[in-house]
Protein chains: 6
Amino acid sequence: MYLITPETESLIDRAIYEDLSIGDPTTDLLIPPDLQGAATFVSKAEGVLAGIDVGLAVFKRVDPALETKVLLQDGALLRPNSLIAEVSGSVASILKAERTALNFVRRLSGIATATSEYVREVQGNHVRIIDTRKTTPGLRTLEKYAIRAGGGHNHRQNLGDGILIKDNHIEALGKMGLSLGDVIRKAHDNKSHTINVEVEVENLPQVDEALAAGAEILLLDNMDLEDMATAVKMCEGRAITEASGTITLERVRAVAETGVDLISVGALTHSSPALDISLDLAT
Amino acid sequence: MYLITPETESLIDRAIYEDLSIGDPTTDLLIPPDLQGAATFVSKAEGVLAGIDVGLAVFKRVDPALETKVLLQDGALLRPNSLIAEVSGSVASILKAERTALNFVRRLSGIATATSEYVREVQGNHVRIIDTRKTTPGLRTLEKYAIRAGGGHNHRQNLGDGILIKDNHIEALGKMGLSLGDVIRKAHDNKSHTINVEVEVENLPQVDEALAAGAEILLLDNMDLEDMATAVKMCEGRAITEASGTITLERVRAVAETGVDLISVGALTHSSPALDISLDLAT
Amino acid sequence: MYLITPETESLIDRAIYEDLSIGDPTTDLLIPPDLQGAATFVSKAEGVLAGIDVGLAVFKRVDPALETKVLLQDGALLRPNSLIAEVSGSVASILKAERTALNFVRRLSGIATATSEYVREVQGNHVRIIDTRKTTPGLRTLEKYAIRAGGGHNHRQNLGDGILIKDNHIEALGKMGLSLGDVIRKAHDNKSHTINVEVEVENLPQVDEALAAGAEILLLDNMDLEDMATAVKMCEGRAITEASGTITLERVRAVAETGVDLISVGALTHSSPALDISLDLAT
Amino acid sequence: MYLITPETESLIDRAIYEDLSIGDPTTDLLIPPDLQGAATFVSKAEGVLAGIDVGLAVFKRVDPALETKVLLQDGALLRPNSLIAEVSGSVASILKAERTALNFVRRLSGIATATSEYVREVQGNHVRIIDTRKTTPGLRTLEKYAIRAGGGHNHRQNLGDGILIKDNHIEALGKMGLSLGDVIRKAHDNKSHTINVEVEVENLPQVDEALAAGAEILLLDNMDLEDMATAVKMCEGRAITEASGTITLERVRAVAETGVDLISVGALTHSSPALDISLDLAT
Amino acid sequence: MYLITPETESLIDRAIYEDLSIGDPTTDLLIPPDLQGAATFVSKAEGVLAGIDVGLAVFKRVDPALETKVLLQDGALLRPNSLIAEVSGSVASILKAERTALNFVRRLSGIATATSEYVREVQGNHVRIIDTRKTTPGLRTLEKYAIRAGGGHNHRQNLGDGILIKDNHIEALGKMGLSLGDVIRKAHDNKSHTINVEVEVENLPQVDEALAAGAEILLLDNMDLEDMATAVKMCEGRAITEASGTITLERVRAVAETGVDLISVGALTHSSPALDISLDLAT
Amino acid sequence: MYLITPETESLIDRAIYEDLSIGDPTTDLLIPPDLQGAATFVSKAEGVLAGIDVGLAVFKRVDPALETKVLLQDGALLRPNSLIAEVSGSVASILKAERTALNFVRRLSGIATATSEYVREVQGNHVRIIDTRKTTPGLRTLEKYAIRAGGGHNHRQNLGDGILIKDNHIEALGKMGLSLGDVIRKAHDNKSHTINVEVEVENLPQVDEALAAGAEILLLDNMDLEDMATAVKMCEGRAITEASGTITLERVRAVAETGVDLISVGALTHSSPALDISLDLAT
């Protein structure tokens, strides 16, 4: 995975600027510039690690002379007091970069942790937990990476890498006299060969119509479990199925047992709490 | 408040690029370019609105010909089905901007909503709920704005606008033979006149030493309620007090009743779930 | 199509800066600032128009007071002396923006024109002319748009929106003991559901192996026409086929008649000559 | 030559983002992260090399741990199978950067190659082949560098580093009652001392008038060979001459033999086909 | 001090681009690429050094292979012929970066030098020389750093890190019926706890009113020395005082002797002449 | 003149960010958002105006709803109380943009004013006052514009638009056995036809050698007036002459009377004090 891209670097720069644009007088006034030390990323809770390379890149960006060492890789299970990585060198530089680095690692690990909980919950079923496009503005690439670190998979990266016909499209086109099947066929005939057609359906007749029109993926939106199971059977071998809408950790296993191929959970990226990770300094 | 700054615009551009960099084939293949329509931001839950102007700016950036109209201002209480704002014009443009716009408004409103819950909980006490620097990389200005929309106040915007002497500083300097008081005096004598000295203290003797050395603000870190109340009395008229550490919605009222001036809650920005707001389209 | 994105605007800014960073002394010394006039984009050759909106955006960026009017839409057939668009207002502004605007429109129209020639050549066959990732650095989105304006379709927009297993991958993995089929299956089991697996094959046994392993698209690389036709028959109903390698305008019809679904032509973006379009000024 | 400027780096970043913004699943799914290898840039055709340092910079930008080695310098003659440069290290990184790197080197070498053909054609004459401002938006500096690598020289880099009075200026000012000579004198009296006045002329009386008014350079636009030769004689020792307009490889020698000092060829940058260079991977 | 931030780097890039965007033909035509040499920053006048690290960063940015060595730190006193720093390596690279590097060091040292003159003038008084927000657009962080290198202190870094109620605010609010005291109290009650309230006063009654309303800092604007001294006594122990308005080197000592805590001098950043520093090259 | 280019806009954005990145609490707390008013740029001193359009662009960038009106054009003579321009609309927006706008206008007008003083001093001589490359990092285009507003002319805009052979070049090449004449001829034979060769000379024998070798411009560096006058006569009709080095307002007339064509004054851009201009607000 190529994570520290020019795009990631520009986000790191932006984050550093937010915190350090007018300097760090606390450190400048108190810490002798030549004081050396080391600091360790330590987990304070259980979870899954994601983004440690981004966190370390923040330290290197603030002071290229800092040395960093990874002790655990992204995807590792964390327990309280797990040692994650070390950074050593100028104490002043470490203190200046600390908060920005932690803000990245804690958020991304929070997403990976939440993902891993859903993944664990559906274990044993042939199903994937996937994300949505409900990501934090500016952080999509990193957040989708965190999903994978947590054992999940990614849905569309952006609007361009898949056709997803939603209720809004269907309704707008319905007013112009097109049936669901017409809409799917229109998309199918004109789409690029690299992408597939997914369509949002709400009931079994729509499943039938979508299949007949050749949809490759069916998004089963807010269906009850029974209908979902029926829909899965109807699709068998003809289309893959995605369950979506009000998926909670409590309910996800039951949804998985309907046989769907994919369960998308928007909350993974829009509502996961940060994982409690801190930086312990030794001088 | 000057919200749509060049800095905010560059974040909006980044977010649009994440979603639309290779286009929106679903819309391009299905929606007639001249189809006109309107869409309404509708709340699906209770909460407090924040960031609607940012959301509308996304639409204008994607298509300057879209018309927008604000129905509720940031800070407004939302109930299920509250109508927040309208956007009208090209349906294709609305669909292309929808997700990016919602990602902003839902996250910021989530933060405002969480803040308002803490604020409501401490009502009647002379205390402010404040944020921390634990913000999402790249979104600090917007998230600190959302805190204010929710009735909270802001702590430091960045490392530069206040001295905050934390345990790491105290420990590092202690090894060099400086007492807590020495450290505070060192900061005080050299700091800019525009900023104040805040110091993290963990027990009452430290409170005493910090006050003697002239600290303007005391951060009472993870103190129990009794010590906190004593510390507040010791500070009366000499320094203002901030409670910090494991503040929860359940515990915040008791903390407020100790008489502290400020309660800082990192979770407001790092762990608030998004507020459920959607865009309803009418063609 | 959403063409004047923030990304396109930043390219326009870059191009304007290249030409105008230290001003235009010819115009500043000679042309009275209040001289008004109008200019017309005129085709000097036969071809297909693409990018006129980008060209006009250059004028508006240099001087927002200029008025522009589109006479022909992208995709229009051009003949010598076809009038394409008008721009009116300050003559000095028109002269400053002229070259940068033309550089966009001429290049993009050159690509659209070349594409249209291939498309015309294969008319009557059920085949699509598609592009490759061999685009000009920084112009990919615009060049892929020009392909569509010329009647072609797009292959992958970037490395992320499709699996394409090439000879380099197959060889590297072969050395590690994996057969072609193993490689395809490995990709298939782990890929995102939104993308498909395409594999480069050079002979009929590879076609067989790739089909057996479940490849959705076969890139027939430098095959002779007979093998190509056989491969197409083998794939029928199981995979779609793309012909690639040394496709020329002379040979493309014969390739199309083998029955392949897609013919990719790298030269469309990397070697198309600009179309001769000029700006005629009237004062 | 200082080629990898901040400006070039930002174009490289843009190009990398175009291709890698959402990752490279083919490589990520198939290539073991620790697989090491080497790759060689190999020419597949005859031509002149340009931009190899830019190509190698792309690899270093994607993965600073990659090692690169230049075997041939820009300006070198290439034959089929000429080995140009090597890159070694992580195979995954090499595969991710390959296309972007090649897109630079192939385009720039295409321009150098075309330039060298014109230069070879006029050998023995005291004449320079020069470029124009008809460059690809965003690539001007690199393309003008490629012209020099191919043995050509550069005309104006931008609108600011020379006065060039074209037909549009002359016509607009003519309507205001100024003769060609008036226009030249007006420019001459007010121009910066660092730049010269070039004027476009279409016939011999204009040559006369321009010389009398003190023009330092005459652009002989679309003149026939006989007039061109006469114009050259008229200018001898008083102004230098540039031939322009419909210059082809077939016609360029005859033009050179008229004695002109400069021949400008817009097609070098706007219509040169890419040179066929590939990257051969060994694992 | 963390000086070479991403923000500083982007300014360095911008400055390099201004000078080197189309190359350096003088050096390229004349200096052999492999010629090695060394150059020394030498002071030609008396003053105080500031920004040498920025100057050296320019050289490293143009050519990372250049070696640099600091001989004097920022804040050092310079005399004619003081040796400041060395840079060695490619002579061509040194020549290309020279002017841009000097432009930084000379300007910043000019500011430090002017500051040090004011500081020296008030020596013996308990007063600080401070700057204002009248800085060069784009250079605020660097210029405020130069102030400190010269022995001065900083006033507000930006509009956000302090309340400063000026005559414009007072007047506007006065028309709405608010007294000076009302305005101060309004600001005080609502301000963030991290910032203080400063208020501009022009006479002694205003001093009285501002103190009564709780202002922490009083800006004594254009007061005569006698009033200033009286104001200082009135403030003793209740607020700190800043003298402002037409402060010159001649007058600053008398102002200091009134007992004010701060004297702000806008001219330090908006009108200091550059310090004469040059680069001596040895090949 | 095309002044508000994308490059200028990015500098304006940078300057706004410096001042407003964390908001303007003074204004936000005190000024009612709907309070309307107007403000006038007023000169407080004698001088020449430059950059008023940049200043007004700052206001429009902070709040596009503000109305602006130019009363005096750049280049206008200012006296105390001259009214320059007006801005009206939201008082809060005006106050937020005020300082940034003034920082531009005051600096640029300072440069124009200083230039005009030199120009006035040499009136009656056929000589131009020109600038150097000693400009403020990031502001070159604007500062060179201000020079012209003050009646001066521009020397090289950047390293690329002229050959200027300085002592450093001559010395380095001298060690390799090249005479001054050799160096000039080497440059002459290889330079682009669009630029001229200027050479720095320090005595009359060098003048002789430079003329013989064909230099188009001679920079007479730190010559005494007598030698300068002799050098001018030697150059008559063969090269133009530039006087440089320790030019002061006192000495410039005498220098001009030697007959030189150009006098370059680095201090115009690196050491001019800002012009006192303020913004008077009426509510």
# chains A, B, ... in the order shown; residues from 1 in each chain; ligands from 1
>>> closest_atom_pairs(of="chain E", to="chain F", cutoff="8 Å", atoms="only C-alpha atoms", output="JSON lines")
{"residue": "E:Leu11", "atom": "CA", "partner": "F:Gly138", "partner_atom": "CA", "distance": 6.6}
{"residue": "E:Ile12", "atom": "CA", "partner": "F:Pro137", "partner_atom": "CA", "distance": 7.5}
{"residue": "E:Arg14", "atom": "CA", "partner": "F:Gly138", "partner_atom": "CA", "distance": 5.8}
{"residue": "E:Ala15", "atom": "CA", "partner": "F:Pro137", "partner_atom": "CA", "distance": 4.9}
{"residue": "E:Glu18", "atom": "CA", "partner": "F:Asn158", "partner_atom": "CA", "distance": 6.5}
{"residue": "E:Asp19", "atom": "CA", "partner": "F:Asn158", "partner_atom": "CA", "distance": 4.4}
{"residue": "E:Leu20", "atom": "CA", "partner": "F:Leu159", "partner_atom": "CA", "distance": 5.9}
{"residue": "E:Ser21", "atom": "CA", "partner": "F:Gly160", "partner_atom": "CA", "distance": 7.5}
{"residue": "E:Ile22", "atom": "CA", "partner": "F:Gly160", "partner_atom": "CA", "distance": 5.2}
{"residue": "E:Gly23", "atom": "CA", "partner": "F:Gly160", "partner_atom": "CA", "distance": 5.1}
{"residue": "E:Asp24", "atom": "CA", "partner": "F:Gly160", "partner_atom": "CA", "distance": 4.9}
{"residue": "E:Pro25", "atom": "CA", "partner": "F:Gly160", "partner_atom": "CA", "distance": 6.0}
{"residue": "E:Thr26", "atom": "CA", "partner": "F:Ile163", "partner_atom": "CA", "distance": 4.9}
{"residue": "E:Thr27", "atom": "CA", "partner": "F:His169", "partner_atom": "CA", "distance": 7.8}
{"residue": "E:Leu29", "atom": "CA", "partner": "F:Ala187", "partner_atom": "CA", "distance": 6.0}
{"residue": "E:Leu30", "atom": "CA", "partner": "F:Ala187", "partner_atom": "CA", "distance": 6.6}
{"residue": "E:Ile31", "atom": "CA", "partner": "F:His169", "partner_atom": "CA", "distance": 7.4}
{"residue": "E:Arg99", "atom": "CA", "partner": "F:Lys134", "partner_atom": "CA", "distance": 7.1}
{"residue": "E:Thr100", "atom": "CA", "partner": "F:Pro137", "partner_atom": "CA", "distance": 7.2}
{"residue": "E:Asn103", "atom": "CA", "partner": "F:Lys134", "partner_atom": "CA", "distance": 6.0}
{"residue": "E:Phe104", "atom": "CA", "partner": "F:Pro137", "partner_atom": "CA", "distance": 6.6}
{"residue": "E:Arg107", "atom": "CA", "partner": "F:His270", "partner_atom": "CA", "distance": 7.1}
{"residue": "E:Arg133", "atom": "CA", "partner": "F:Arg99", "partner_atom": "CA", "distance": 7.3}
{"residue": "E:Lys134", "atom": "CA", "partner": "F:Asn103", "partner_atom": "CA", "distance": 6.0}
{"residue": "E:Thr135", "atom": "CA", "partner": "F:Asn103", "partner_atom": "CA", "distance": 6.6}
{"residue": "E:Thr136", "atom": "CA", "partner": "F:Asn103", "partner_atom": "CA", "distance": 6.4}
{"residue": "E:Pro137", "atom": "CA", "partner": "F:Ala15", "partner_atom": "CA", "distance": 4.9}
{"residue": "E:Gly138", "atom": "CA", "partner": "F:Ala15", "partner_atom": "CA", "distance": 5.1}
{"residue": "E:Arg140", "atom": "CA", "partner": "F:Glu18", "partner_atom": "CA", "distance": 6.9}
{"residue": "E:Gln157", "atom": "CA", "partner": "F:Asp19", "partner_atom": "CA", "distance": 7.5}
{"residue": "E:Asn158", "atom": "CA", "partner": "F:Asp19", "partner_atom": "CA", "distance": 4.4}
{"residue": "E:Leu159", "atom": "CA", "partner": "F:Asp24", "partner_atom": "CA", "distance": 5.0}
{"residue": "E:Gly160", "atom": "CA", "partner": "F:Asp24", "partner_atom": "CA", "distance": 5.0}
{"residue": "E:Asp161", "atom": "CA", "partner": "F:Ile22", "partner_atom": "CA", "distance": 7.9}
{"residue": "E:Gly162", "atom": "CA", "partner": "F:Pro25", "partner_atom": "CA", "distance": 7.7}
{"residue": "E:Ile163", "atom": "CA", "partner": "F:Thr26", "partner_atom": "CA", "distance": 4.9}
{"residue": "E:Leu164", "atom": "CA", "partner": "F:Thr26", "partner_atom": "CA", "distance": 6.3}
{"residue": "E:Ile165", "atom": "CA", "partner": "F:Thr26", "partner_atom": "CA", "distance": 6.6}
{"residue": "E:Asn168", "atom": "CA", "partner": "F:Leu281", "partner_atom": "CA", "distance": 6.6}
{"residue": "E:His169", "atom": "CA", "partner": "F:Ile31", "partner_atom": "CA", "distance": 7.4}
{"residue": "E:Ala172", "atom": "CA", "partner": "F:Thr283", "partner_atom": "CA", "distance": 6.0}
{"residue": "E:Leu173", "atom": "CA", "partner": "F:Ile31", "partner_atom": "CA", "distance": 7.4}
{"residue": "E:Val183", "atom": "CA", "partner": "F:Leu30", "partner_atom": "CA", "distance": 7.2}
{"residue": "E:Lys186", "atom": "CA", "partner": "F:Leu30", "partner_atom": "CA", "distance": 7.1}
{"residue": "E:Ala187", "atom": "CA", "partner": "F:Leu29", "partner_atom": "CA", "distance": 6.0}
{"residue": "E:Asn190", "atom": "CA", "partner": "F:Leu29", "partner_atom": "CA", "distance": 6.9}
{"residue": "E:Lys191", "atom": "CA", "partner": "F:Pro25", "partner_atom": "CA", "distance": 7.3}
{"residue": "E:Ala267", "atom": "CA", "partner": "F:Pro273", "partner_atom": "CA", "distance": 7.9}
{"residue": "E:His270", "atom": "CA", "partner": "F:Ala274", "partner_atom": "CA", "distance": 5.8}
{"residue": "E:Ser271", "atom": "CA", "partner": "F:Pro273", "partner_atom": "CA", "distance": 3.9}
{"residue": "E:Ser272", "atom": "CA", "partner": "F:Ser271", "partner_atom": "CA", "distance": 6.5}
{"residue": "E:Pro273", "atom": "CA", "partner": "F:Ser271", "partner_atom": "CA", "distance": 3.9}
{"residue": "E:Ala274", "atom": "CA", "partner": "F:Ser271", "partner_atom": "CA", "distance": 5.5}
{"residue": "E:Leu281", "atom": "CA", "partner": "F:Asn168", "partner_atom": "CA", "distance": 6.6}
{"residue": "E:Ala282", "atom": "CA", "partner": "F:Ala172", "partner_atom": "CA", "distance": 7.8}
{"residue": "E:Thr283", "atom": "CA", "partner": "F:Ala172", "partner_atom": "CA", "distance": 6.0}
>>> residues_around(residues="Ala243 of chain A", least_positions_apart="3", cutoff="10 Å", atoms="only C-alpha atoms", output="number ranges by chain")
A: 129-130, 200, 218-223, 225, 228, 232, 246-247, 252, 255-256, 258-265
>>> write_last_selection(atoms="N, CA, C and O atoms", output="short mmCIF file (atom, residue, chain, number, x, y, z; two decimals), in the first residue's frame")
data_model
loop_
_atom_site.label_atom_id
_atom_site.label_comp_id
_atom_site.auth_asym_id
_atom_site.auth_seq_id
_atom_site.Cartn_x
_atom_site.Cartn_y
_atom_site.Cartn_z
N ILE A 129 -17.63 -6.88 5.31
CA ILE A 129 -18.06 -5.60 5.86
C ILE A 129 -17.40 -4.52 4.99
O ILE A 129 -16.18 -4.52 4.79
N ILE A 130 -18.20 -3.62 4.44
CA ILE A 130 -17.64 -2.58 3.57
C ILE A 130 -18.05 -1.19 4.05
O ILE A 130 -18.98 -1.03 4.85
N GLU A 200 -30.23 0.22 -6.21
CA GLU A 200 -30.86 0.19 -4.90
C GLU A 200 -32.29 -0.33 -5.07
O GLU A 200 -33.06 0.22 -5.84
N LEU A 218 -26.98 -5.73 -6.31
CA LEU A 218 -28.23 -5.19 -5.76
C LEU A 218 -27.97 -4.68 -4.35
O LEU A 218 -27.47 -5.41 -3.49
N LEU A 219 -28.33 -3.43 -4.15
CA LEU A 219 -28.25 -2.86 -2.81
C LEU A 219 -29.62 -3.02 -2.17
O LEU A 219 -30.59 -2.37 -2.57
N LEU A 220 -29.71 -3.89 -1.17
CA LEU A 220 -30.99 -4.16 -0.50
C LEU A 220 -31.14 -3.13 0.62
O LEU A 220 -30.53 -3.24 1.67
N ASP A 221 -32.00 -2.14 0.35
CA ASP A 221 -32.04 -0.99 1.24
C ASP A 221 -33.11 -1.13 2.31
O ASP A 221 -34.31 -1.15 1.99
N ASN A 222 -32.69 -1.20 3.56
CA ASN A 222 -33.64 -1.23 4.67
C ASN A 222 -34.67 -2.34 4.56
O ASN A 222 -35.81 -2.16 5.00
N MET A 223 -34.31 -3.48 3.98
CA MET A 223 -35.26 -4.62 3.91
C MET A 223 -35.29 -5.34 5.26
O MET A 223 -34.30 -5.35 5.99
N LEU A 225 -35.34 -8.86 7.48
CA LEU A 225 -34.44 -10.00 7.31
C LEU A 225 -35.02 -11.07 6.40
O LEU A 225 -34.31 -11.68 5.59
N MET A 228 -34.82 -9.99 2.86
CA MET A 228 -33.41 -10.00 2.48
C MET A 228 -32.97 -11.41 2.08
O MET A 228 -32.33 -11.62 1.06
N VAL A 232 -31.68 -12.64 -1.56
CA VAL A 232 -30.39 -13.32 -1.77
C VAL A 232 -30.58 -14.57 -2.63
O VAL A 232 -29.84 -14.81 -3.57
N THR A 246 -29.28 1.26 8.52
CA THR A 246 -29.43 0.97 9.96
C THR A 246 -28.79 -0.35 10.38
O THR A 246 -29.38 -1.14 11.10
N ILE A 247 -27.57 -0.57 9.91
CA ILE A 247 -26.82 -1.74 10.37
C ILE A 247 -26.13 -1.38 11.69
O ILE A 247 -25.39 -0.41 11.75
N VAL A 252 -25.89 -6.92 13.05
CA VAL A 252 -25.13 -7.26 11.85
C VAL A 252 -25.03 -8.77 11.62
O VAL A 252 -25.04 -9.24 10.47
N VAL A 255 -28.11 -10.04 9.91
CA VAL A 255 -28.09 -9.62 8.50
C VAL A 255 -27.16 -10.53 7.71
O VAL A 255 -27.50 -10.99 6.61
N ALA A 256 -26.00 -10.81 8.29
CA ALA A 256 -25.04 -11.65 7.58
C ALA A 256 -25.63 -13.02 7.30
O ALA A 256 -25.39 -13.62 6.24
N THR A 258 -28.46 -13.84 6.49
CA THR A 258 -29.39 -13.91 5.35
C THR A 258 -28.66 -14.36 4.09
O THR A 258 -29.28 -14.67 3.09
N GLY A 259 -27.33 -14.33 4.14
CA GLY A 259 -26.57 -14.79 2.98
C GLY A 259 -26.08 -13.69 2.06
O GLY A 259 -25.50 -13.96 1.01
N VAL A 260 -26.29 -12.43 2.46
CA VAL A 260 -25.82 -11.32 1.60
C VAL A 260 -24.30 -11.38 1.44
O VAL A 260 -23.59 -11.92 2.29
N ASP A 261 -23.83 -10.83 0.33
CA ASP A 261 -22.39 -10.86 0.07
C ASP A 261 -21.67 -9.72 0.78
O ASP A 261 -20.51 -9.85 1.16
N LEU A 262 -22.34 -8.58 0.92
CA LEU A 262 -21.72 -7.37 1.44
C LEU A 262 -22.64 -6.69 2.43
O LEU A 262 -23.86 -6.68 2.23
N ILE A 263 -22.07 -6.15 3.48
CA ILE A 263 -22.85 -5.31 4.39
C ILE A 263 -22.10 -3.98 4.52
O ILE A 263 -20.95 -3.95 4.94
N SER A 264 -22.76 -2.91 4.11
CA SER A 264 -22.11 -1.60 4.16
C SER A 264 -22.53 -0.86 5.42
O SER A 264 -23.70 -0.83 5.77
N VAL A 265 -21.55 -0.27 6.09
CA VAL A 265 -21.79 0.40 7.37
C VAL A 265 -21.18 1.80 7.32
O VAL A 265 -19.98 1.99 7.49
#
>>> select_by_dssp(residues="segment 33-278 of chain C", states="alpha helix (DSSP H)", output="number ranges by chain")
C: 52-62, 91-121, 140-149, 167-174, 180-190, 204-213, 225-235, 252-256, 267-270
>>> select_by_dssp(residues="segment 44-259 of chain A", states="strand (DSSP E or B)", output="ChimeraX atom specification")
/A:47-48,67-70,77-78,83-90,128-130,153,163-165,195,197-201,217-221,240-244
>>> residues_around(residues="segment 86-89 of chain A", least_positions_apart="4", cutoff="6 Å", atoms="only C-alpha atoms", output="short mmCIF file (atom, residue, chain, number, x, y, z; two decimals) with N, CA, C and O atoms, in the first residue's frame")
data_model
loop_
_atom_site.label_atom_id
_atom_site.label_comp_id
_atom_site.auth_asym_id
_atom_site.auth_seq_id
_atom_site.Cartn_x
_atom_site.Cartn_y
_atom_site.Cartn_z
N GLN A 36 17.77 15.87 24.36
CA GLN A 36 17.40 14.69 23.58
C GLN A 36 16.49 13.78 24.40
O GLN A 36 16.55 13.78 25.63
N GLY A 37 15.70 13.01 23.73
CA GLY A 37 14.82 12.10 24.44
C GLY A 37 14.14 11.14 23.47
O GLY A 37 14.44 11.14 22.27
N ALA A 38 13.25 10.34 24.01
CA ALA A 38 12.53 9.38 23.17
C ALA A 38 11.10 9.31 23.66
O ALA A 38 10.82 9.59 24.84
N ALA A 39 10.22 8.93 22.77
CA ALA A 39 8.82 8.83 23.13
C ALA A 39 8.24 7.59 22.49
O ALA A 39 8.68 7.16 21.42
N THR A 40 7.25 7.01 23.16
CA THR A 40 6.65 5.77 22.68
C THR A 40 5.15 5.95 22.52
O THR A 40 4.49 6.48 23.43
N LEU A 66 14.60 13.57 13.43
CA LEU A 66 14.03 12.61 14.38
C LEU A 66 14.14 11.20 13.81
O LEU A 66 13.97 10.98 12.61
N GLU A 67 14.40 10.23 14.69
CA GLU A 67 14.44 8.83 14.30
C GLU A 67 13.14 8.16 14.71
O GLU A 67 12.64 8.39 15.82
N THR A 68 12.61 7.32 13.82
CA THR A 68 11.37 6.63 14.16
C THR A 68 11.54 5.13 13.97
O THR A 68 12.34 4.69 13.15
N LYS A 69 10.77 4.38 14.74
CA LYS A 69 10.87 2.92 14.66
C LYS A 69 9.49 2.33 14.89
O LYS A 69 8.84 2.61 15.91
#
>>> residues_around(residues="Ile277 of chain D", least_positions_apart="2", cutoff="6 Å", atoms="only C-alpha atoms", output="PyMOL selection string")
chain D and resi 42-44
>>> atom_distance(atom1="atom CA of Asp53 of chain E", atom2="atom CA of Ala85 of chain E")
9.4 Å
>>> residues_around(residues="Ser109 of chain E", least_positions_apart="3", cutoff="8 Å", atoms="only C-alpha atoms", output="list in words")
Gly47, Val48, Leu49, Ala50, Gly51, Val105, Arg106, Ala112, Thr113, Ala146, Ala274 and Leu275 of chain E
>>> atom_distance(atom1="atom CA of Ser93 of chain D", atom2="atom CA of Pro33 of chain D")
8.8 Å
